[in-house]
Every structure is written in C-alpha cells, then in structure tokens.
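Q: Structure below; questions to follow.
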Amino acid sequence: MLEKIRVPRVGPGRPRTKPDSLAADKGYSNGPCRKYLRRRGIRHTIPEKTDSQAARLRKGSRGGRPPGFDEERYKKRNTVERAINRLKQSRAVATRYDKRGYIFLGTATTAALLIWLRS
C-alpha cells in the first residue's frame, strides 16, 4: 500500500518511509487496512461505516470499543480532495490512458505544474 512513499530529509540520512498520519474515507475502514496502519505505527483518521458500527454495537461488550476519529483532522482532508479534483480536470489524468506508472506520474506532474502556473 504505502511502500513506495519516500520523503527526502533536509539534512543527511535516508528518506522517510512512514507518514505521520493518514486520513481516508469510509472505503478504507475495513479491518485489514486498519491493522496494516496500526502495525506500521501510522495514526489514522478513518470514519467507521454505518453497518460496521451497527454490527459492533449489536455485539455489545464483545464488539470492542469504537476506533478513534478526529473530526477536525478529517475536515482538512477536503483540501486534498479538491486538489485531486482539479488534477482530474486534465483529461489525461482523469482517463489514465498511460500504461506505465512512471509515464502517468509525469502526466500528473505536468497537470499539477499547469495548475500552479495558472494560479
């Protein structure tokens, strides 16, 4: 999932490979995703699905406690969503005709540069 993340350091040292935190939508609220993030020590803000919440409450004390959720952090995710929507205004990014990942990365970078230069 997040193995390809590499954030270079300002000074010497190897690049960081683990984000401080992650915000995702309800599509990623399943158990395996949460376990993966917990195993890597990544704080996450993912809302719980309504049916998962109902199933947990139906189990009573055996259902466990609800996962933590920070509403303020989740609201900041809107900025990222809007940026992605601006990128998708570029037809090449939205349709993703590129077969190779590195070519698509170049296409997305070009679209981001155009957005940045126009603003």
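Chain labels A, B, ... are given in the sequence in which chains occur in the structure tokens; within each chain residues are numbered consecutively from 1, and ligands are likewise numbered from 1 in the order shown.
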Counting only C-alpha atoms, which residues of segment 72-115 of chain A fall within 10 Å of segment 14-25 of chain A, and what is the closest atom pair for each with its distance in Å at one decimal, ordered by chain and rising number, as JSON lines?
A:
{"residue": "A:Arg73", "atom": "CA", "partner": "A:Ala23", "partner_atom": "CA", "distance": 7.6}
{"residue": "A:Tyr74", "atom": "CA", "partner": "A:Ala23", "partner_atom": "CA", "distance": 6.3}
{"residue": "A:Lys75", "atom": "CA", "partner": "A:Ala23", "partner_atom": "CA", "distance": 9.4}
{"residue": "A:Lys76", "atom": "CA", "partner": "A:Ala23", "partner_atom": "CA", "distance": 8.8}
{"residue": "A:Arg77", "atom": "CA", "partner": "A:Ala23", "partner_atom": "CA", "distance": 6.6}
{"residue": "A:Val80", "atom": "CA", "partner": "A:Ala23", "partner_atom": "CA", "distance": 10.0}
Q: Please list as an mmCIF file with all heavy atoms, in the first residue's frame every residue within 8 Å of segment 110-114 of chain A, counting only C-alpha atoms and excluding residues in the same chain fewer than 4 positions away.
A:
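As a result, around-v4.cif now contains:
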data_model
loop_
_atom_site.group_PDB
_atom_site.id
_atom_site.type_symbol
_atom_site.label_atom_id
_atom_site.label_comp_id
_atom_site.auth_asym_id
_atom_site.auth_seq_id
_atom_site.Cartn_x
_atom_site.Cartn_y
_atom_site.Cartn_z
ATOM 1 N N LEU A 87 -6.842 18.252 -10.458
ATOM 2 C CA LEU A 87 -5.966 17.446 -11.327
ATOM 3 C C LEU A 87 -6.784 16.652 -12.339
ATOM 4 O O LEU A 87 -6.391 16.492 -13.488
ATOM 5 C CB LEU A 87 -5.114 16.488 -10.500
ATOM 6 C CG LEU A 87 -3.902 17.068 -9.807
ATOM 7 C CD1 LEU A 87 -3.285 16.027 -8.893
ATOM 8 C CD2 LEU A 87 -2.888 17.564 -10.814
ATOM 9 N N SER A 90 -7.826 17.695 -15.958
ATOM 10 C CA SER A 90 -6.978 17.354 -17.087
ATOM 11 C C SER A 90 -7.420 15.974 -17.579
ATOM 12 O O SER A 90 -7.425 15.002 -16.827
ATOM 13 C CB SER A 90 -5.512 17.307 -16.658
ATOM 14 O OG SER A 90 -4.731 16.768 -17.681
ATOM 15 N N VAL A 93 -5.182 12.882 -17.055
ATOM 16 C CA VAL A 93 -5.096 12.378 -15.680
ATOM 17 C C VAL A 93 -6.368 11.624 -15.321
ATOM 18 O O VAL A 93 -6.328 10.561 -14.700
ATOM 19 C CB VAL A 93 -4.847 13.532 -14.686
ATOM 20 C CG1 VAL A 93 -4.883 13.034 -13.258
ATOM 21 C CG2 VAL A 93 -3.516 14.199 -14.974
ATOM 22 N N GLY A 106 4.481 11.421 -14.670
ATOM 23 C CA GLY A 106 4.860 12.605 -15.433
ATOM 24 C C GLY A 106 3.649 13.397 -15.904
ATOM 25 O O GLY A 106 3.647 14.632 -15.875
ATOM 26 N N ARG A 118 -0.945 28.652 -13.446
ATOM 27 C CA ARG A 118 -2.135 29.454 -13.727
ATOM 28 C C ARG A 118 -2.609 30.235 -12.509
ATOM 29 O O ARG A 118 -3.307 31.230 -12.650
ATOM 30 C CB ARG A 118 -3.252 28.579 -14.249
ATOM 31 C CG ARG A 118 -3.001 28.110 -15.656
ATOM 32 C CD ARG A 118 -4.127 27.245 -16.141
ATOM 33 N NE ARG A 118 -3.842 26.741 -17.470
ATOM 34 C CZ ARG A 118 -4.363 25.655 -17.987
ATOM 35 N NH1 ARG A 118 -5.218 24.953 -17.282
ATOM 36 N NH2 ARG A 118 -4.043 25.263 -19.195
#
Q: Between A:Pro32, A:Pro12, A:Gly27, A:Pro47, single out the one closest to Pro67 of chain A, counting only C-alpha atoms.
A: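 The closest residue to Pro67 of chain A is A:Pro47.
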Q: From a DSSP calculation on the backbone, collect every residue of chain A in alpha helix (DSSP H) and output the set as a PyMOL selection string.
A: chain A and resi 31-40+50-59+71-75+77-87+91-95+101-118
Q: Could you give me, as a list in words, each residue of chain A that DSSP assigns to strand (DSSP E) when run on this structure's backbone?
A: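 So the strand (DSSP E) residues in chain A would be Ser21, Leu22, Ala23, Arg43, His44 and Thr45 of chain A.
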Q: Identify which of the residues A:Arg96, A:Ser61, A:Ile115, A:Glu71 lies closest to Ala83 of chain A, counting only C-alpha atoms when measuring atom-to-atom distances.
A: A:Ile115
Q: Which residue is closest to Lys49 of chain A? Choose from A:Leu37, A:Pro8, A:Lys26, A:Arg82 and count only C-alpha atoms.
A: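 The shortest atom-to-atom distance to Lys49 of chain A comes from A:Lys26.
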Q: With only C-alpha atoms as the atoms that count, which of A:Ser119, A:Gly101, A:Gly63, A:Asn30 lies nearest to Arg86 of chain A?
A: A:Ser119
Q: Could you check the closest approach to Phe104 of chain A for each of A:Tyr36, A:Ala92, A:Arg56, A:Ile5 and tell me which residue wins, using only C-alpha atoms?
A: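 For Phe104 of chain A, the nearest of the given residues is A:Ala92.
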